[in-house]
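Right, one structure below, let's go through it.
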Amino acid sequence: MKRQFYMMGLVTVALLICALFLSPGLLAPKHLLEIVRQATPLAIAALGQSVVMLTGGADLSIGSVITFTNIFAADLMARSNSPVVEAGVIVLLLCAGFAIGSVNGSLIHFTKMPPFVMTLGMSSIVTGAYLIYSKGAPKGRVSEFLHFVGSGRLGILPASVIVLVLVNIMMYFLIHKSTFGYKVYYVGSNPTASIFSGVKTSRIIIQSYGLSSMLAVVSGLILSGYIGIGSFKVGGDPYVLNTMAAAVIGGTTFDGGTGNMVGPVFGAVIFTFLSALLVTLGLGEPFKYIVKGLIIIAMVLSYSKRS
Amino acid sequence: MRKKIDRQLVTIYGVAAVLIVFALVSRESFRSLTSIGNLMAQAAPIGVVALGQTLVLLVAGIDLSVGAVASASTAIGATLINSSPQRMLLGVLAIFAFSAVVGLSNGFLVSFLNLHPLIATLSTSIVITGVTLLLLPYPGGYVDYNFSEIFNTRVFGLLPLSFVYLIILFVILLWILGQTAFGRHLYATGGNAEKARIVGVNVKKVRMLAYLICSVLAGFGGLLLSARMYSGDPYAGTSFTLSSISAALIGGVSFAGGRGNIAGTMAGIIIISMLSMLLNLFGVSPFYQNIMEGSILIVAVMISVAQQTSSGRKNV
């Protein structure tokens, strides 16, 4: 764990020094707050990804669940102005998220399928579902309230950042202070021992994947609030990789059992900061991909070498 | 053992045959040499990629970067290839060089740095996508018509040359896997890497080679694809990752490595191409394609894992 902590510190300092020399404007407090706001949807989804990674798995369906949320939220919310309908839509989507995750978790647990492949397949199915629903042409727009959550401010604090703080506190207590959390670590670090000591492994795995998809829905709702309309460009594949990158930068490993609920948020902010830095240097989308891939490889290597 | 594999093969080819007969009987539009030729032309690029994926699966690995490599290869083709023979040669060489570098990196990360293949190849696929976007940010470019004819020409008005190349590659790989020391080493490494190492197989080299061949074949698959489209597209090959794994698993290749063969993969390719052809023939919206691809993958893995468990093998 110490190792991860040092690596995280090292990356942060390196980035800050780069920024100081290359683009000092990025370090203005106002700008940093904006970066935290931009990082919010990624941070929330990365928390879910981390829970799944703690169990020794991975969730490749996060990106498509985010898009799914956006397409359905925008379409359903545009049909009525009543707050009841709006709340209904949000609850419905959260349930749908939990259902998608539960299917992932159950099939992974009961058929012993590799999590990567199962969630990759699920991602394709979820994509199909929203393509069919929207008939290839997404429409609608989100409600006033969601729009406020996505892009409004309370004083100087962006509303979405407040949601992030709340979600983060909840996840912190769930993973670090509850028996569920202990069991997640146990299942991830030693699946066989956890079965013999009477942990209901199936339940933990299913709930972890359910939680991951639910957090992807929350992330999707915030993104939808920010974008305001239904669009296939919300979420998608980049989120799969970005959540992994954020989790890995934040000290979560792919072997399970290592990681916490603070690192991924930090990782998401660092990652967003890095993207902003690349953009101010005039390096566009292609370089984001290249740097992202290299970061995941480098971080995974640096953690796995001696452990 | 031999007999069991044969029975499995017969079943898979049986399923493929049933699908073809079903299409022939139910849809008049399928009953023409042109549409059968179309089926083969459609199957060729993904087929080449799936053959490579099979080798990697046999050594208990997986390559999630084949889709990105194939896409990159269409982008390289569309940027470099024009009507001059030098540029054609340059384009083809660049494609093979690029995919070879990717394959060597994958192999290095997996066998020498001990990264999990899923993570290693997923990460390289991100880097490749970045490089592809640098080269060709949007679908476009033009792959010379005469060049494309090297792959698209139909022998006897039926058999596309791309499919002929697929068959040639298939026969070569069949020979390599069945008759050469490298083939036996592949199976030994995938079956039990530790035992293979003890009896003197250079496990690391075998893994390296498997990833190398897989990437180069993915590059070639992308070349076939760009010839079919006469252009490049930074995301054209994305679906190849899923379908190549599905084709191999449907064909009886084990997810845990060491079991299965490419004859099965060929049947898997026919089944997958046939299923998407049937969706077209019955006028089902292409949006259902995603759901089908995902479900096929999940079911194929489930069957593969179940077979392993029933034969007493440990899961990865």
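Following the order of the structure tokens, first chain is A, next is B, and so on, with residues numbered from 1 inside each chain and ligands from 1 in the order they appear.
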
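Every protein or nucleic acid residue with an atom no more than 12 Å from Cys95 (chain A), counting only C-alpha atoms and leaving out same-chain residues fewer than 2 positions away, appears here: Thr69, Gly88, Val89, Ile90, Val91, Leu92, Leu93, Gly97, Phe98, Ala99, Ile100, Gly101, Ser102, Gly210, Leu211, Ser213, Met214, Leu215, Ala216, Val217 and Val218 of chain A.
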
Now that the selection is made, can you save its residues with N, CA and C atoms as an mmCIF file, in the first residue's frame?
data_model
loop_
_atom_site.group_PDB
_atom_site.id
_atom_site.type_symbol
_atom_site.label_atom_id
_atom_site.label_comp_id
_atom_site.auth_asym_id
_atom_site.auth_seq_id
_atom_site.Cartn_x
_atom_site.Cartn_y
_atom_site.Cartn_z
ATOM 1 N N THR A 69 -27.589 5.424 -19.716
ATOM 2 C CA THR A 69 -28.247 6.334 -18.779
ATOM 3 C C THR A 69 -28.617 7.641 -19.464
ATOM 4 N N GLY A 88 -38.899 9.347 -10.603
ATOM 5 C CA GLY A 88 -39.143 7.976 -11.046
ATOM 6 C C GLY A 88 -38.093 7.524 -12.027
ATOM 7 N N VAL A 89 -37.768 8.409 -12.990
ATOM 8 C CA VAL A 89 -36.779 8.050 -14.012
ATOM 9 C C VAL A 89 -35.428 7.755 -13.359
ATOM 10 N N ILE A 90 -35.062 8.618 -12.389
ATOM 11 C CA ILE A 90 -33.759 8.420 -11.740
ATOM 12 C C ILE A 90 -33.725 7.091 -10.988
ATOM 13 N N VAL A 91 -34.797 6.819 -10.229
ATOM 14 C CA VAL A 91 -34.844 5.555 -9.485
ATOM 15 C C VAL A 91 -34.811 4.364 -10.441
ATOM 16 N N LEU A 92 -35.606 4.494 -11.518
ATOM 17 C CA LEU A 92 -35.674 3.418 -12.509
ATOM 18 C C LEU A 92 -34.290 3.128 -13.091
ATOM 19 N N LEU A 93 -33.572 4.195 -13.438
ATOM 20 C CA LEU A 93 -32.244 4.002 -14.042
ATOM 21 C C LEU A 93 -31.271 3.387 -13.050
ATOM 22 N N GLY A 97 -29.392 -0.034 -13.569
ATOM 23 C CA GLY A 97 -27.948 -0.184 -13.388
ATOM 24 C C GLY A 97 -27.633 -1.352 -12.489
ATOM 25 N N PHE A 98 -28.353 -1.428 -11.354
ATOM 26 C CA PHE A 98 -28.079 -2.520 -10.429
ATOM 27 C C PHE A 98 -28.382 -3.861 -11.099
ATOM 28 N N ALA A 99 -29.446 -3.885 -11.914
ATOM 29 C CA ALA A 99 -29.812 -5.139 -12.593
ATOM 30 C C ALA A 99 -28.710 -5.563 -13.564
ATOM 31 N N ILE A 100 -28.207 -4.612 -14.356
ATOM 32 C CA ILE A 100 -27.143 -4.930 -15.320
ATOM 33 C C ILE A 100 -25.928 -5.484 -14.584
ATOM 34 N N GLY A 101 -25.544 -4.784 -13.510
ATOM 35 C CA GLY A 101 -24.396 -5.231 -12.740
ATOM 36 C C GLY A 101 -24.618 -6.597 -12.118
ATOM 37 N N SER A 102 -25.860 -6.843 -11.639
ATOM 38 C CA SER A 102 -26.135 -8.138 -11.016
ATOM 39 C C SER A 102 -25.977 -9.265 -12.017
ATOM 40 N N GLY A 210 -23.106 -4.846 -9.120
ATOM 41 C CA GLY A 210 -24.308 -4.021 -9.099
ATOM 42 C C GLY A 210 -23.969 -2.593 -8.713
ATOM 43 N N LEU A 211 -23.135 -2.471 -7.687
ATOM 44 C CA LEU A 211 -22.707 -1.159 -7.204
ATOM 45 C C LEU A 211 -21.957 -0.411 -8.299
ATOM 46 N N SER A 213 -22.205 -0.711 -11.567
ATOM 47 C CA SER A 213 -23.116 -0.223 -12.610
ATOM 48 C C SER A 213 -23.980 0.921 -12.083
ATOM 49 N N MET A 214 -24.379 0.834 -10.797
ATOM 50 C CA MET A 214 -25.183 1.915 -10.233
ATOM 51 C C MET A 214 -24.391 3.218 -10.203
ATOM 52 N N LEU A 215 -23.130 3.139 -9.814
ATOM 53 C CA LEU A 215 -22.309 4.346 -9.798
ATOM 54 C C LEU A 215 -22.102 4.864 -11.218
ATOM 55 N N ALA A 216 -22.033 3.944 -12.196
ATOM 56 C CA ALA A 216 -21.948 4.375 -13.591
ATOM 57 C C ALA A 216 -23.207 5.152 -13.968
ATOM 58 N N VAL A 217 -24.355 4.718 -13.454
ATOM 59 C CA VAL A 217 -25.609 5.440 -13.722
ATOM 60 C C VAL A 217 -25.545 6.844 -13.115
ATOM 61 N N VAL A 218 -25.078 6.940 -11.848
ATOM 62 C CA VAL A 218 -24.951 8.255 -11.208
ATOM 63 C C VAL A 218 -24.049 9.154 -12.051
#

* **Residues within 10 Å of Ala19 (chain A), only C-alpha atoms, excluding chain neighbours under 4 positions, as a PyMOL selection string** => chain A and resi 13-15+23-27+273-274+276-278+280-281

* To do: Find the residues of chain A in contact range of chain B, meaning any atom within 8 Å when counting only C-alpha atoms, and list them as a VMD selection string.
  => chain A and resid 111 to 114 116 to 118 120 to 129 131 to 132 135 to 136 285 to 294 296 to 297 300 to 301

* Can you list, as a PyMOL selection string, every protein, DNA or RNA residue that comes within 8 Å of Pro115 (chain A) when you count only C-alpha atoms, leaving out same-chain residues fewer than 6 positions away? -> chain A and resi 57-59+104+108

* Asked: Hey, what does DSSP flag as strand (DSSP E or B) within region 127-280 of chain A? Can you give it to me as an MDAnalysis selection string?
  -> chainID A and resid 141 153:154 157:158 229

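Using only C-alpha atoms, the shortest contact distance between Val184 (chain A) and any of A:Met53, A:Met244, A:Leu283, A:Val65 is found at A:Met53.
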
* Would you give me, as an MDAnalysis selection string, the residues in region 2-188 of chain A that DSSP reads as alpha helix (DSSP H)? -> chainID A and resid 2:22 29:54 62:77 83:111 115:134 144:151 159:176 179:188

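Distances here use only C-alpha atoms; by that measure, the residue among A:Asn260, A:Gly230, A:Gly9, A:Thr67 closest to Leu174 (chain A) is A:Asn260.
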
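The two atoms in question, CA of Thr74 (chain B) and CA of Pro139 (chain B), are spaced 9.6 Å apart.
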
* Which is closer to Gly47 (chain B) than all the others in B:Leu166, B:Leu223, B:Leu275, B:Leu89, using only C-alpha atoms? -> B:Leu166

Excluding region 142-155 of chain B and residues on its chain fewer than 4 positions from it, collect all residues at most 7 Å away from it, counting only C-alpha atoms, and give them as a short mmCIF file (atom, residue, chain, number, x, y, z; two decimals) with N, CA and C atoms, in the first residue's frame.
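Written out: selection.cif:
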data_model
loop_
_atom_site.label_atom_id
_atom_site.label_comp_id
_atom_site.auth_asym_id
_atom_site.auth_seq_id
_atom_site.Cartn_x
_atom_site.Cartn_y
_atom_site.Cartn_z
N GLY B 77 -3.11 2.01 -44.54
CA GLY B 77 -3.39 1.73 -45.94
C GLY B 77 -3.94 2.95 -46.65
N ALA B 78 -4.94 3.58 -46.03
CA ALA B 78 -5.61 4.72 -46.67
C ALA B 78 -4.67 5.92 -46.81
N ILE B 81 -1.21 4.15 -49.39
CA ILE B 81 -1.34 3.45 -50.67
C ILE B 81 -2.00 4.33 -51.73
N ASN B 82 -1.32 4.50 -52.87
CA ASN B 82 -1.97 5.11 -54.03
C ASN B 82 -1.66 4.25 -55.25
N SER B 83 -1.81 4.82 -56.44
CA SER B 83 -1.76 3.95 -57.61
C SER B 83 -0.34 3.50 -57.97
N LEU B 159 -15.38 -16.87 -56.02
CA LEU B 159 -14.50 -16.95 -54.86
C LEU B 159 -13.65 -15.69 -54.75
N PRO B 160 -13.89 -14.84 -53.73
CA PRO B 160 -13.05 -13.64 -53.60
C PRO B 160 -11.62 -14.04 -53.24
N LEU B 161 -10.64 -13.33 -53.80
CA LEU B 161 -9.24 -13.65 -53.52
C LEU B 161 -8.94 -13.56 -52.03
N SER B 162 -9.61 -12.60 -51.33
CA SER B 162 -9.36 -12.46 -49.89
C SER B 162 -9.66 -13.77 -49.17
N LEU B 224 -7.18 -6.38 -45.56
CA LEU B 224 -8.31 -6.92 -46.33
C LEU B 224 -9.53 -6.03 -46.17
N SER B 226 -9.59 -2.78 -45.43
CA SER B 226 -9.47 -1.50 -46.12
C SER B 226 -9.65 -1.68 -47.62
N ALA B 227 -9.20 -2.84 -48.13
CA ALA B 227 -9.40 -3.09 -49.56
C ALA B 227 -10.89 -3.24 -49.86
N ARG B 228 -11.61 -3.84 -48.92
CA ARG B 228 -13.05 -4.04 -49.10
C ARG B 228 -13.79 -2.71 -49.05
N TYR B 230 -12.24 0.27 -49.66
CA TYR B 230 -11.49 1.22 -50.49
C TYR B 230 -11.10 2.46 -49.70
N SER B 231 -11.09 2.36 -48.36
CA SER B 231 -10.72 3.53 -47.56
C SER B 231 -10.32 3.10 -46.17
#

* When you draw a straight line from CA of Tyr211 (chain B) to CA of Val248 (chain A), how long is it in Å? -> 24.8 Å

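As for CA of Ala87 (chain A) and CA of Leu154 (chain A), they are spaced 21.0 Å apart.
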
* Asked: Residues at most 10 Å from region 28-45 of chain A, counting only C-alpha atoms, excluding those fewer than 4 positions away in the same chain, as a VMD selection string?
  -> chain A and resid 24 49 to 50 62 to 63 66 150 to 151 156 to 165 167 to 168 171 211 to 224 226 235 239 to 240 242 to 244 246 to 247 262 to 276
